[in-house]
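S.K.: The structure follows.
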Amino acid sequence: MADYHFAQTMGMHVLLGSDFDETRNSSGVLINQSAIKALGLKDIIGEKTAFGTVVGVVNDFNMYSLHQSITPMIIVLNPAMCREVAIRISTNNIPGTIGFLKKEWKASGGTTAFNFRFTDDALQDIYESDIRFSKIIGLMAVIAIFIASLGLFGLSLFLSRQRIKEIGIRKVNGAKVSEVMTLLNMDFIKWVGIAFVIATPMAWFAMNKWLENFAYKTSLSWWIFALAGILALGIALLTVSWQSWRAATRNPVEALRYE
């Protein structure tokens, strides 16, 4: 149920026919594009419905969250049945505007209390569970990266000490610091690559399953997984490179003096 200015206030576009005309005290209904598809009628303007004659067709719009697809809808001109008022306001002076609306509401003589809500707050509530889920996943990702980095740091420290004599011999034979660092880091790069190959299909499957909850969703591009792999490799290298550099720049005499 709506009044004469519903489509205009909500920013809808009349694609066929015309909008409600208050100057002519017109009557009738508006329908959306999905309703035309559901009815299977080409010449919809002038068709009779239980609520009145179809005078126009507006573009499809989401009444609910993106989890649900757009359904056929009929907008009936019946101001007497409207239970809420939708107002499009300027953002220049919101407190002043709210105060003005509250004053006018009281002046109307009604007994209903003045309660208002911003549309963005309503949308926030609709997607509250998705926002909470996103935050939880983000927090778990940070914790996982931190734990993995600690593990990599400890493993790099262990391996560098285990191979300290090998590194000393290589340096005595003329190996450069960059060559020793590459030798030590290659083991970690190999395992990060294996982990990436295993994790990518699992992540793709999980993300597809999550996106199935939405009627309208984006597609998963290959660059998302490529970027995740590059970031994982970068984090791994940053974690182990410090230990690799320390092992590579260490005096070989310290490792070989007792041999």
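The chains in the structure tokens are called A, B, ... from first to last as shown; in each chain the residues are counted from 1, and the ligands are counted from 1 in the order shown.
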Please return as a PyMOL selection string: the residues of stretch 74-254 of chain A that backbone DSSP assigns to helix (DSSP H, G or I).
M.R.: chain A and resi 79-81+94-107+119-126+128-162+164-172+177-211+222-249+252-254
S.K.: Write out as a PDB file with N, CA and C atoms, in the first residue's frame which residues come within 12 Å of A:Tyr127 when counting only C-alpha atoms, dropping same-chain ones fewer than 4 positions away.
M.R.:
ATOM      1  N   TYR A  64      13.865  -6.804   0.312  1.00  0.00           N
ATOM      2  CA  TYR A  64      14.485  -7.535   1.408  1.00  0.00           C
ATOM      3  C   TYR A  64      15.990  -7.587   1.180  1.00  0.00           C
ATOM      4  N   SER A  65      16.687  -8.504   1.805  1.00  0.00           N
ATOM      5  CA  SER A  65      18.140  -8.569   1.675  1.00  0.00           C
ATOM      6  C   SER A  65      18.528  -9.247   0.369  1.00  0.00           C
ATOM      7  N   LEU A  66      19.814  -9.185   0.064  1.00  0.00           N
ATOM      8  CA  LEU A  66      20.328  -9.813  -1.149  1.00  0.00           C
ATOM      9  C   LEU A  66      20.350 -11.337  -1.049  1.00  0.00           C
ATOM     10  N   HIS A  67      19.992 -11.866   0.115  1.00  0.00           N
ATOM     11  CA  HIS A  67      19.849 -13.313   0.243  1.00  0.00           C
ATOM     12  C   HIS A  67      18.631 -13.803  -0.546  1.00  0.00           C
ATOM     13  N   ASP A 120      19.610   3.264   6.335  1.00  0.00           N
ATOM     14  CA  ASP A 120      20.892   2.563   6.455  1.00  0.00           C
ATOM     15  C   ASP A 120      20.965   1.739   7.743  1.00  0.00           C
ATOM     16  N   ASP A 121      20.264   2.190   8.799  1.00  0.00           N
ATOM     17  CA  ASP A 121      20.205   1.388  10.026  1.00  0.00           C
ATOM     18  C   ASP A 121      19.397   0.111   9.809  1.00  0.00           C
ATOM     19  N   ALA A 122      18.323   0.228   9.038  1.00  0.00           N
ATOM     20  CA  ALA A 122      17.510  -0.955   8.723  1.00  0.00           C
ATOM     21  C   ALA A 122      18.320  -1.957   7.910  1.00  0.00           C
ATOM     22  N   LEU A 123      19.096  -1.443   6.959  1.00  0.00           N
ATOM     23  CA  LEU A 123      19.954  -2.327   6.152  1.00  0.00           C
ATOM     24  C   LEU A 123      21.023  -2.971   7.026  1.00  0.00           C
ATOM     25  N   ILE A 131      27.653  -9.372   8.732  1.00  0.00           N
ATOM     26  CA  ILE A 131      28.734  -8.524   9.235  1.00  0.00           C
ATOM     27  C   ILE A 131      29.449  -9.210  10.395  1.00  0.00           C
ATOM     28  N   ARG A 132      28.662  -9.848  11.294  1.00  0.00           N
ATOM     29  CA  ARG A 132      29.256 -10.559  12.427  1.00  0.00           C
ATOM     30  C   ARG A 132      30.103 -11.737  11.934  1.00  0.00           C
ATOM     31  N   PHE A 133      29.580 -12.457  10.942  1.00  0.00           N
ATOM     32  CA  PHE A 133      30.318 -13.598  10.375  1.00  0.00           C
ATOM     33  C   PHE A 133      31.631 -13.126   9.754  1.00  0.00           C
ATOM     34  N   SER A 134      31.580 -11.983   9.051  1.00  0.00           N
ATOM     35  CA  SER A 134      32.780 -11.441   8.420  1.00  0.00           C
ATOM     36  C   SER A 134      33.836 -11.072   9.456  1.00  0.00           C
ATOM     37  N   PHE A 214      23.189 -16.248  -1.142  1.00  0.00           N
ATOM     38  CA  PHE A 214      22.741 -14.975  -1.687  1.00  0.00           C
ATOM     39  C   PHE A 214      22.110 -15.187  -3.060  1.00  0.00           C
TER      40      PHE A 214
END
S.K.: If we count only C-alpha atoms and set the cut-off at 12 Å, which residues sit around A:Lys37, ignoring sequence neighbours fewer than 2 positions away in its own chain? Please answer as a PyMOL selection string.
M.R.: chain A and resi 31-35+39-44+57+60+70-73
S.K.: Could you tell me how far atom CA of A:Ala2 sits from atom CA of A:Gln68, in Å to one decimal place?
M.R.: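 Taking atom CA of A:Gln68 and atom CA of A:Ala2, their separation equals 22.5 Å.
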S.K.: Mind the document's chain letters and residue numbers, and return as a list in words the residues of stretch 15-80 of chain A that DSSP labels strand (DSSP E or B).
M.R.: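 Matching residues, listed in order: Leu15, Leu16, Gly17, Val29, Leu30, Ile31, Asn32, Lys48, Thr49, Gly52, Thr53, Val54, Val55, Gly56, Val57, Val58, Ile74, Ile75, Val76 and Leu77 of chain A.
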S.K.: Can you tell me, as a PyMOL selection string, what residues are no more than 9 Å from stretch 230-236 of chain A when counting only C-alpha atoms, ignoring any on the same chain fewer than 3 positions away?
M.R.: chain A and resi 145+148-149+152-153+188-189+192-193+196+225-227+239-241
S.K.: Rank A:Asp3, A:Met12, A:Asn62, A:Lys103 by their smallest atom-to-atom distance to A:Met81, using only C-alpha atoms, and report the top residue only.
M.R.: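 Comparing A:Asp3, A:Met12, A:Asn62, A:Lys103 against A:Met81, the winner is A:Asp3.
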S.K.: List the neighbours of A:Ala203 out to 12 Å using only C-alpha atoms; skip same-chain residues closer than 5 positions along the sequence, and give me the result as a PyMOL selection string.
M.R.: chain A and resi 195-198+208-210+220+222+224-225+228-229
S.K.: Could you write out that same residue set with N, CA, C and O atoms as an mmCIF file, in the first residue's frame?
M.R.:
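The resulting file, out.cif, is shown below:
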data_model
loop_
_atom_site.group_PDB
_atom_site.id
_atom_site.type_symbol
_atom_site.label_atom_id
_atom_site.label_comp_id
_atom_site.auth_asym_id
_atom_site.auth_seq_id
_atom_site.Cartn_x
_atom_site.Cartn_y
_atom_site.Cartn_z
ATOM 1 N N ALA A 195 51.095 -26.071 0.317
ATOM 2 C CA ALA A 195 49.935 -25.664 1.113
ATOM 3 C C ALA A 195 48.936 -24.870 0.262
ATOM 4 O O ALA A 195 47.716 -25.028 0.400
ATOM 5 N N PHE A 196 49.447 -24.028 -0.629
ATOM 6 C CA PHE A 196 48.586 -23.224 -1.506
ATOM 7 C C PHE A 196 47.779 -24.125 -2.438
ATOM 8 O O PHE A 196 46.577 -23.910 -2.646
ATOM 9 N N VAL A 197 48.430 -25.131 -2.997
ATOM 10 C CA VAL A 197 47.751 -26.059 -3.915
ATOM 11 C C VAL A 197 46.646 -26.825 -3.182
ATOM 12 O O VAL A 197 45.568 -27.073 -3.735
ATOM 13 N N ILE A 198 46.895 -27.181 -1.925
ATOM 14 C CA ILE A 198 45.893 -27.925 -1.156
ATOM 15 C C ILE A 198 44.749 -27.005 -0.705
ATOM 16 O O ILE A 198 43.569 -27.379 -0.756
ATOM 17 N N ASN A 208 32.178 -20.725 -2.418
ATOM 18 C CA ASN A 208 31.022 -20.967 -3.282
ATOM 19 C C ASN A 208 29.807 -21.371 -2.473
ATOM 20 O O ASN A 208 28.683 -20.933 -2.754
ATOM 21 N N LYS A 209 30.023 -22.211 -1.469
ATOM 22 C CA LYS A 209 28.915 -22.630 -0.612
ATOM 23 C C LYS A 209 28.323 -21.448 0.141
ATOM 24 O O LYS A 209 27.104 -21.347 0.313
ATOM 25 N N TRP A 210 29.195 -20.540 0.604
ATOM 26 C CA TRP A 210 28.718 -19.369 1.331
ATOM 27 C C TRP A 210 27.964 -18.427 0.395
ATOM 28 O O TRP A 210 26.919 -17.894 0.754
ATOM 29 N N LEU A 220 33.681 -15.632 -8.321
ATOM 30 C CA LEU A 220 35.024 -15.803 -7.775
ATOM 31 C C LEU A 220 36.040 -15.780 -8.921
ATOM 32 O O LEU A 220 35.997 -16.623 -9.807
ATOM 33 N N TRP A 222 40.038 -15.765 -10.464
ATOM 34 C CA TRP A 222 41.288 -16.464 -10.171
ATOM 35 C C TRP A 222 42.275 -15.581 -9.430
ATOM 36 O O TRP A 222 43.081 -16.053 -8.615
ATOM 37 N N ILE A 224 41.836 -13.548 -7.051
ATOM 38 C CA ILE A 224 41.640 -13.520 -5.597
ATOM 39 C C ILE A 224 42.533 -14.567 -4.933
ATOM 40 O O ILE A 224 43.213 -14.297 -3.935
ATOM 41 N N PHE A 225 42.557 -15.768 -5.506
ATOM 42 C CA PHE A 225 43.368 -16.850 -4.944
ATOM 43 C C PHE A 225 44.854 -16.617 -5.207
ATOM 44 O O PHE A 225 45.695 -16.949 -4.367
ATOM 45 N N ALA A 228 45.979 -14.153 -2.663
ATOM 46 C CA ALA A 228 46.111 -14.813 -1.358
ATOM 47 C C ALA A 228 47.403 -15.624 -1.292
ATOM 48 O O ALA A 228 48.097 -15.625 -0.266
ATOM 49 N N GLY A 229 47.745 -16.314 -2.396
ATOM 50 C CA GLY A 229 48.986 -17.086 -2.432
ATOM 51 C C GLY A 229 50.213 -16.199 -2.329
ATOM 52 O O GLY A 229 51.176 -16.535 -1.619
#
S.K.: Extract, using only C-alpha atoms, all DNA, RNA and protein residues at most 12 Å from A:Glu22, discarding same-chain residues fewer than 3 positions from it, and format them as a list in words.
M.R.: Asp3, Tyr4, His5, Phe6, Ser18, Asp19, Asn25, Ser26, Ser27, Gly28, Leu77, Asn78 and Pro79 of chain A
S.K.: What's the separation between atom CA of A:Glu166 and atom CA of A:Thr182, in Å to one decimal place?
M.R.: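 Those two atoms sit 14.0 Å apart.
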S.K.: Which neighbours of A:Ser244 fall inside 7 Å, counting only C-alpha atoms, when residues of the same chain fewer than 5 positions from it are skipped, and could you give them as a PDB file with N, CA, C and O atoms, in the first residue's frame?
M.R.:
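In the end it all went to part-v1.pdb:
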ATOM      1  N   SER A 160      68.006 -23.641  10.733  1.00  0.00           N
ATOM      2  CA  SER A 160      69.249 -22.889  10.547  1.00  0.00           C
ATOM      3  C   SER A 160      70.328 -23.384  11.508  1.00  0.00           C
ATOM      4  O   SER A 160      71.506 -23.454  11.147  1.00  0.00           O
ATOM      5  N   MET A 181      70.934 -17.598   1.794  1.00  0.00           N
ATOM      6  CA  MET A 181      69.551 -17.262   2.130  1.00  0.00           C
ATOM      7  C   MET A 181      68.577 -17.947   1.177  1.00  0.00           C
ATOM      8  O   MET A 181      67.516 -18.437   1.600  1.00  0.00           O
ATOM      9  N   LEU A 184      68.242 -21.617   2.180  1.00  0.00           N
ATOM     10  CA  LEU A 184      67.421 -21.830   3.371  1.00  0.00           C
ATOM     11  C   LEU A 184      65.944 -21.529   3.112  1.00  0.00           C
ATOM     12  O   LEU A 184      65.057 -22.201   3.643  1.00  0.00           O
TER      13      LEU A 184
END
S.K.: Let me make sure I understand: among A:Val76, A:Phe100, A:Leu155, A:Ser69, which one has the smallest atom-to-atom distance to A:Tyr216 if we use only C-alpha atoms?
M.R.: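 Using only C-alpha atoms, the shortest distance to A:Tyr216 belongs to A:Ser69.
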S.K.: Take atom CA of A:Glu104 and atom CA of A:Thr23 and report the distance between them in Å, one decimal.
M.R.: 23.9 Å
S.K.: From the set A:Val58, A:Ala215, A:Val172, A:Met207, which residue has the shortest atom-to-atom contact distance to A:Ala248, counting only C-alpha atoms?
M.R.: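 Ranked by minimum distance to A:Ala248, first place goes to A:Val172.
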S.K.: A:Thr200, A:Thr49, A:Asn185, A:Asn213: which is nearest A:Ile75, counting only C-alpha atoms?
M.R.: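 So, comparing all the options, the nearest one is A:Thr49.
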